[in-house]
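Everything on this sheet refers to the single structure shown next.
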Amino acid sequence: MRLELARAYVTLRDRNAAQELVDEARAILGLRPELGVLAEQVTALEAEIEAMPEAAGGGTSGLTRAELRLLPLLSTHLSFREIGERLFVSRNTIKTQAISVYRKLGVSSRSDAIARAAELGLVDASVGSAAPGPAGDLESAVS
(Lines give C-alpha, C1' and ligand atoms only; values in the text may rest on other atoms or scores of the structure.)
Protein backbone atom coordinates (compact mmCIF):
# COMPACT_ATOMS: atom_id res chain seq x y z
CA MET A 1 0.00 0.00 0.00
CA ARG A 2 2.83 2.39 0.86
CA LEU A 3 4.44 1.85 -2.54
CA GLU A 4 1.21 2.56 -4.40
CA LEU A 5 0.73 5.76 -2.43
CA ALA A 6 4.38 6.66 -3.05
CA ARG A 7 3.81 6.16 -6.79
CA ALA A 8 0.87 8.56 -6.58
CA TYR A 9 3.10 11.13 -4.92
CA VAL A 10 5.70 10.65 -7.66
CA THR A 11 2.97 11.36 -10.21
CA LEU A 12 2.11 14.54 -8.30
CA ARG A 13 5.84 15.39 -8.16
CA ASP A 14 5.84 15.41 -4.35
CA ARG A 15 9.32 14.05 -3.76
CA ASN A 16 9.32 14.38 0.03
CA ALA A 17 6.06 12.51 0.57
CA ALA A 18 7.09 9.76 -1.86
CA GLN A 19 10.48 9.36 -0.19
CA GLU A 20 8.91 9.18 3.26
CA LEU A 21 6.69 6.30 2.18
CA VAL A 22 9.59 4.49 0.51
CA ASP A 23 11.58 4.88 3.73
CA GLU A 24 8.69 3.28 5.63
CA ALA A 25 8.67 0.39 3.13
CA ARG A 26 12.43 -0.03 3.64
CA ALA A 27 11.85 -0.22 7.40
CA ILE A 28 9.26 -2.95 6.85
CA LEU A 29 11.74 -4.81 4.67
CA GLY A 30 14.27 -4.57 7.49
CA LEU A 31 11.86 -6.47 9.73
CA ARG A 32 10.52 -8.85 7.06
CA PRO A 33 13.10 -9.25 4.26
CA GLU A 34 11.29 -12.23 2.72
CA LEU A 35 8.42 -10.20 1.23
CA GLY A 36 8.90 -11.35 -2.36
CA VAL A 37 9.37 -8.67 -5.00
CA LEU A 38 8.85 -5.80 -2.57
CA ALA A 39 12.60 -5.09 -2.32
CA GLU A 40 12.90 -4.81 -6.11
CA GLN A 41 9.88 -2.51 -6.27
CA VAL A 42 11.25 -0.29 -3.50
CA THR A 43 14.60 -0.03 -5.29
CA ALA A 44 12.93 0.84 -8.59
CA LEU A 45 10.76 3.49 -6.94
CA GLU A 46 13.77 4.98 -5.16
CA ALA A 47 15.48 5.36 -8.54
CA GLU A 48 12.39 7.08 -9.93
CA ILE A 49 12.27 9.47 -6.97
CA GLU A 50 15.97 10.21 -7.36
CA ALA A 51 15.42 11.05 -11.04
CA MET A 52 12.68 13.57 -10.22
CA PRO A 53 13.67 17.20 -10.79
CA GLU A 54 14.37 19.06 -7.56
CA ALA A 55 11.85 21.78 -6.81
CA ALA A 56 13.25 25.25 -6.27
CA GLY A 57 13.72 26.12 -2.64
CA GLY A 58 13.50 22.44 -1.74
CA GLY A 59 9.69 22.51 -1.84
CA THR A 60 7.30 20.49 -3.94
CA SER A 61 4.57 21.53 -6.29
CA GLY A 62 1.91 19.56 -4.40
CA LEU A 63 -0.55 20.11 -7.24
CA THR A 64 -3.88 18.33 -7.17
CA ARG A 65 -5.09 16.14 -10.00
CA ALA A 66 -7.41 18.91 -11.21
CA GLU A 67 -4.56 21.43 -11.18
CA LEU A 68 -2.33 19.02 -13.12
CA ARG A 69 -5.14 18.59 -15.65
CA LEU A 70 -5.34 22.38 -16.01
CA LEU A 71 -1.60 23.00 -16.54
CA PRO A 72 -1.34 22.04 -20.23
CA LEU A 73 -4.37 24.19 -21.04
CA LEU A 74 -2.79 27.21 -19.38
CA SER A 75 -0.14 27.16 -22.12
CA THR A 76 -2.77 27.78 -24.79
CA HIS A 77 -4.52 30.93 -25.95
CA LEU A 78 -7.75 29.78 -24.31
CA SER A 79 -9.45 32.02 -21.75
CA PHE A 80 -10.47 30.66 -18.36
CA ARG A 81 -14.06 30.49 -19.64
CA GLU A 82 -13.00 28.45 -22.68
CA ILE A 83 -10.85 26.14 -20.56
CA GLY A 84 -13.79 25.66 -18.22
CA GLU A 85 -16.01 24.69 -21.14
CA ARG A 86 -13.48 22.08 -22.28
CA LEU A 87 -13.16 20.63 -18.78
CA PHE A 88 -16.90 20.91 -18.03
CA VAL A 89 -16.42 23.19 -15.04
CA SER A 90 -17.16 26.85 -14.44
CA ARG A 91 -14.86 29.75 -15.23
CA ASN A 92 -14.69 30.44 -11.48
CA THR A 93 -13.45 26.90 -10.82
CA ILE A 94 -10.70 27.36 -13.41
CA LYS A 95 -9.80 30.75 -11.95
CA THR A 96 -9.57 29.25 -8.45
CA GLN A 97 -7.45 26.35 -9.67
CA ALA A 98 -5.16 28.66 -11.65
CA ILE A 99 -4.59 30.90 -8.63
CA SER A 100 -3.80 27.80 -6.58
CA VAL A 101 -1.34 26.62 -9.25
CA TYR A 102 0.37 30.02 -9.25
CA ARG A 103 0.67 29.98 -5.46
CA LYS A 104 1.99 26.42 -5.30
CA LEU A 105 4.53 27.06 -8.04
CA GLY A 106 5.58 30.37 -6.50
CA VAL A 107 4.71 32.49 -9.53
CA SER A 108 2.28 35.30 -10.28
CA SER A 109 1.46 34.90 -13.97
CA ARG A 110 0.20 32.32 -16.39
CA SER A 111 3.37 32.32 -18.48
CA ASP A 112 5.56 32.00 -15.37
CA ALA A 113 3.42 29.06 -14.21
CA ILE A 114 3.99 27.23 -17.51
CA ALA A 115 7.72 27.97 -17.42
CA ARG A 116 7.97 26.70 -13.84
CA ALA A 117 5.86 23.63 -14.60
CA ALA A 118 8.16 22.84 -17.53
CA GLU A 119 11.20 23.14 -15.22
CA LEU A 120 9.57 20.64 -12.88
CA GLY A 121 8.72 18.29 -15.72
CA LEU A 122 4.98 18.72 -15.21
CA VAL A 123 4.34 19.89 -18.79
CA ASP A 124 6.18 19.50 -22.06
CA ALA A 125 8.03 22.76 -22.64
CA SER A 126 7.92 22.32 -26.43
CA VAL A 127 4.13 22.17 -26.65
CA GLY A 128 2.49 25.52 -27.25
CA SER A 129 3.53 28.77 -25.75
CA ALA A 130 1.92 30.58 -22.91
CA ALA A 131 -0.13 33.21 -24.61
CA PRO A 132 -2.52 34.24 -21.90
CA GLY A 133 -5.57 36.23 -22.59
CA PRO A 134 -6.71 39.10 -20.41
CA ALA A 135 -7.25 36.71 -17.47
CA GLY A 136 -3.74 35.31 -17.79
CA ASP A 137 -1.98 36.89 -14.87
CA LEU A 138 -2.76 36.73 -11.19
CA GLU A 139 -3.98 40.30 -10.94
CA SER A 140 -6.48 39.81 -13.77
CA ALA A 141 -7.53 36.40 -12.46
CA VAL A 142 -8.34 37.79 -9.04
CA SER A 143 -10.38 40.72 -10.34
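Naming works like this for the C-alpha coordinates: A, B, ... for the chains as they're shown, residue 1 at the start of each chain, ligands 1 onward in shown order.
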
>> So that I can see what lies close to segment 7-20 of chain A, please list as a VMD selection string the residues with an atom at most 12 Å from it, counting only C-alpha atoms and leaving out residues fewer than 2 positions away in the same chain.
In response: chain A and resid 1 to 5 22 to 27 41 to 55 58 to 69 104 to 105 117 119 to 123

Based on the selection just made, write N, CA and C atoms of those residues as a CSV table (one decimal), in the first residue's frame.
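And here's out-v3.csv as it stands now:
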chain,number,residue,atom,x,y,z
A,1,MET,N,0.8,-1.2,0.0
A,1,MET,CA,0.0,0.0,0.0
A,1,MET,C,0.9,1.3,0.0
A,2,ARG,N,1.9,1.2,0.8
A,2,ARG,CA,2.8,2.4,0.9
A,2,ARG,C,3.5,2.7,-0.5
A,3,LEU,N,3.8,1.6,-1.2
A,3,LEU,CA,4.4,1.8,-2.5
A,3,LEU,C,3.4,2.4,-3.5
A,4,GLU,N,2.2,2.0,-3.5
A,4,GLU,CA,1.2,2.6,-4.4
A,4,GLU,C,1.0,4.0,-4.1
A,5,LEU,N,0.9,4.4,-2.8
A,5,LEU,CA,0.7,5.8,-2.4
A,5,LEU,C,2.0,6.6,-2.8
A,22,VAL,N,8.6,5.5,0.9
A,22,VAL,CA,9.6,4.5,0.5
A,22,VAL,C,10.5,4.1,1.7
A,23,ASP,N,10.8,5.1,2.5
A,23,ASP,CA,11.6,4.9,3.7
A,23,ASP,C,10.8,4.0,4.7
A,24,GLU,N,9.5,4.2,4.8
A,24,GLU,CA,8.7,3.3,5.6
A,24,GLU,C,8.7,1.9,5.1
A,25,ALA,N,8.6,1.7,3.8
A,25,ALA,CA,8.7,0.4,3.1
A,25,ALA,C,10.0,-0.3,3.4
A,26,ARG,N,11.1,0.5,3.3
A,26,ARG,CA,12.4,0.0,3.6
A,26,ARG,C,12.5,-0.5,5.1
A,27,ALA,N,11.9,0.2,6.0
A,27,ALA,CA,11.9,-0.2,7.4
A,27,ALA,C,11.1,-1.5,7.6
A,41,GLN,N,10.8,-3.6,-6.0
A,41,GLN,CA,9.9,-2.5,-6.3
A,41,GLN,C,10.3,-1.3,-5.5
A,42,VAL,N,10.8,-1.4,-4.3
A,42,VAL,CA,11.3,-0.3,-3.5
A,42,VAL,C,12.5,0.3,-4.2
A,43,THR,N,13.4,-0.5,-4.6
A,43,THR,CA,14.6,0.0,-5.3
A,43,THR,C,14.3,0.7,-6.6
A,44,ALA,N,13.3,0.2,-7.4
A,44,ALA,CA,12.9,0.8,-8.6
A,44,ALA,C,12.3,2.2,-8.3
A,45,LEU,N,11.4,2.2,-7.3
A,45,LEU,CA,10.8,3.5,-6.9
A,45,LEU,C,11.8,4.5,-6.4
A,46,GLU,N,12.7,4.1,-5.6
A,46,GLU,CA,13.8,5.0,-5.2
A,46,GLU,C,14.5,5.6,-6.3
A,47,ALA,N,14.8,4.8,-7.4
A,47,ALA,CA,15.5,5.4,-8.5
A,47,ALA,C,14.6,6.4,-9.2
A,48,GLU,N,13.3,6.1,-9.3
A,48,GLU,CA,12.4,7.1,-9.9
A,48,GLU,C,12.3,8.4,-9.1
A,49,ILE,N,12.3,8.3,-7.8
A,49,ILE,CA,12.3,9.5,-7.0
A,49,ILE,C,13.6,10.3,-7.1
A,50,GLU,N,14.7,9.6,-7.2
A,50,GLU,CA,16.0,10.2,-7.4
A,50,GLU,C,16.0,11.0,-8.7
A,51,ALA,N,15.4,10.4,-9.7
A,51,ALA,CA,15.4,11.1,-11.0
A,51,ALA,C,14.5,12.3,-11.2
A,52,MET,N,13.6,12.4,-10.2
A,52,MET,CA,12.7,13.6,-10.2
A,52,MET,C,13.4,14.9,-10.1
A,53,PRO,N,13.0,15.9,-10.9
A,53,PRO,CA,13.7,17.2,-10.8
A,53,PRO,C,13.4,17.8,-9.4
A,54,GLU,N,14.5,18.4,-8.9
A,54,GLU,CA,14.4,19.1,-7.6
A,54,GLU,C,13.6,20.4,-7.7
A,55,ALA,N,12.6,20.5,-6.8
A,55,ALA,CA,11.8,21.8,-6.8
A,55,ALA,C,12.7,22.9,-6.2
A,58,GLY,N,13.7,23.7,-2.4
A,58,GLY,CA,13.5,22.4,-1.7
A,58,GLY,C,12.1,22.0,-1.5
A,59,GLY,N,11.1,22.8,-2.0
A,59,GLY,CA,9.7,22.5,-1.8
A,59,GLY,C,9.2,21.6,-2.9
A,60,THR,N,7.9,21.3,-2.9
A,60,THR,CA,7.3,20.5,-3.9
A,60,THR,C,6.1,21.3,-4.5
A,61,SER,N,5.7,20.8,-5.7
A,61,SER,CA,4.6,21.5,-6.3
A,61,SER,C,3.3,21.2,-5.5
A,62,GLY,N,3.1,20.0,-5.2
A,62,GLY,CA,1.9,19.6,-4.4
A,62,GLY,C,0.6,19.8,-5.1
A,63,LEU,N,0.6,19.8,-6.5
A,63,LEU,CA,-0.6,20.1,-7.2
A,63,LEU,C,-1.6,19.0,-7.2
A,64,THR,N,-2.8,19.3,-7.2
A,64,THR,CA,-3.9,18.3,-7.2
A,64,THR,C,-4.0,17.8,-8.6
A,65,ARG,N,-4.8,16.7,-8.7
A,65,ARG,CA,-5.1,16.1,-10.0
A,65,ARG,C,-5.8,17.2,-10.9
A,66,ALA,N,-6.7,17.9,-10.4
A,66,ALA,CA,-7.4,18.9,-11.2
A,66,ALA,C,-6.4,20.0,-11.7
A,67,GLU,N,-5.5,20.4,-10.8
A,67,GLU,CA,-4.6,21.4,-11.2
A,67,GLU,C,-3.6,20.9,-12.2
A,68,LEU,N,-3.2,19.6,-12.1
A,68,LEU,CA,-2.3,19.0,-13.1
A,68,LEU,C,-3.0,18.9,-14.5
A,69,ARG,N,-4.3,18.7,-14.4
A,69,ARG,CA,-5.1,18.6,-15.7
A,69,ARG,C,-5.2,20.0,-16.3
A,104,LYS,N,1.2,27.6,-5.6
A,104,LYS,CA,2.0,26.4,-5.3
A,104,LYS,C,3.3,26.4,-6.1
A,105,LEU,N,3.3,27.0,-7.2
A,105,LEU,CA,4.5,27.1,-8.0
A,105,LEU,C,5.4,28.3,-7.7
A,117,ALA,N,6.3,25.0,-14.4
A,117,ALA,CA,5.9,23.6,-14.6
A,117,ALA,C,6.8,22.9,-15.6
A,119,GLU,N,10.0,23.4,-16.0
A,119,GLU,CA,11.2,23.1,-15.2
A,119,GLU,C,11.0,21.9,-14.3
A,120,LEU,N,9.8,21.8,-13.8
A,120,LEU,CA,9.6,20.6,-12.9
A,120,LEU,C,9.2,19.4,-13.6
A,121,GLY,N,9.1,19.5,-14.9
A,121,GLY,CA,8.7,18.3,-15.7
A,121,GLY,C,7.2,18.0,-15.7
A,122,LEU,N,6.4,18.9,-15.3
A,122,LEU,CA,5.0,18.7,-15.2
A,122,LEU,C,4.3,18.9,-16.5
A,123,VAL,N,4.9,19.7,-17.4
A,123,VAL,CA,4.3,19.9,-18.8
A,123,VAL,C,5.5,19.8,-19.8

> Do you have the atom CA of Leu87 of chain A-atom CA of Leu70 of chain A distance handy?
Replying inline: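 Value for the atom CA of Leu87 of chain A-atom CA of Leu70 of chain A distance: 8.5 Å.
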
> Between atom CA of Leu78 of chain A and atom CA of Gly106 of chain A, what is the spacing in Å?
Replying inline: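 Atom CA of Gly106 of chain A sits 22.3 Å away from atom CA of Leu78 of chain A.
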
> Which value, in Å to one decimal, gives the distance between atom CA of Ala113 of chain A and atom CA of Val101 of chain A?
Replying inline: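 Going from atom CA of Ala113 of chain A over to atom CA of Val101 of chain A covers 7.3 Å.
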
>> Ranking A:Val37, A:Gly30, A:Ala98, A:Arg91 by minimum distance to Asp112 of chain A and counting only C-alpha atoms, which one comes first?
In response: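 Closest residue, counting only C-alpha atoms: A:Ala98.
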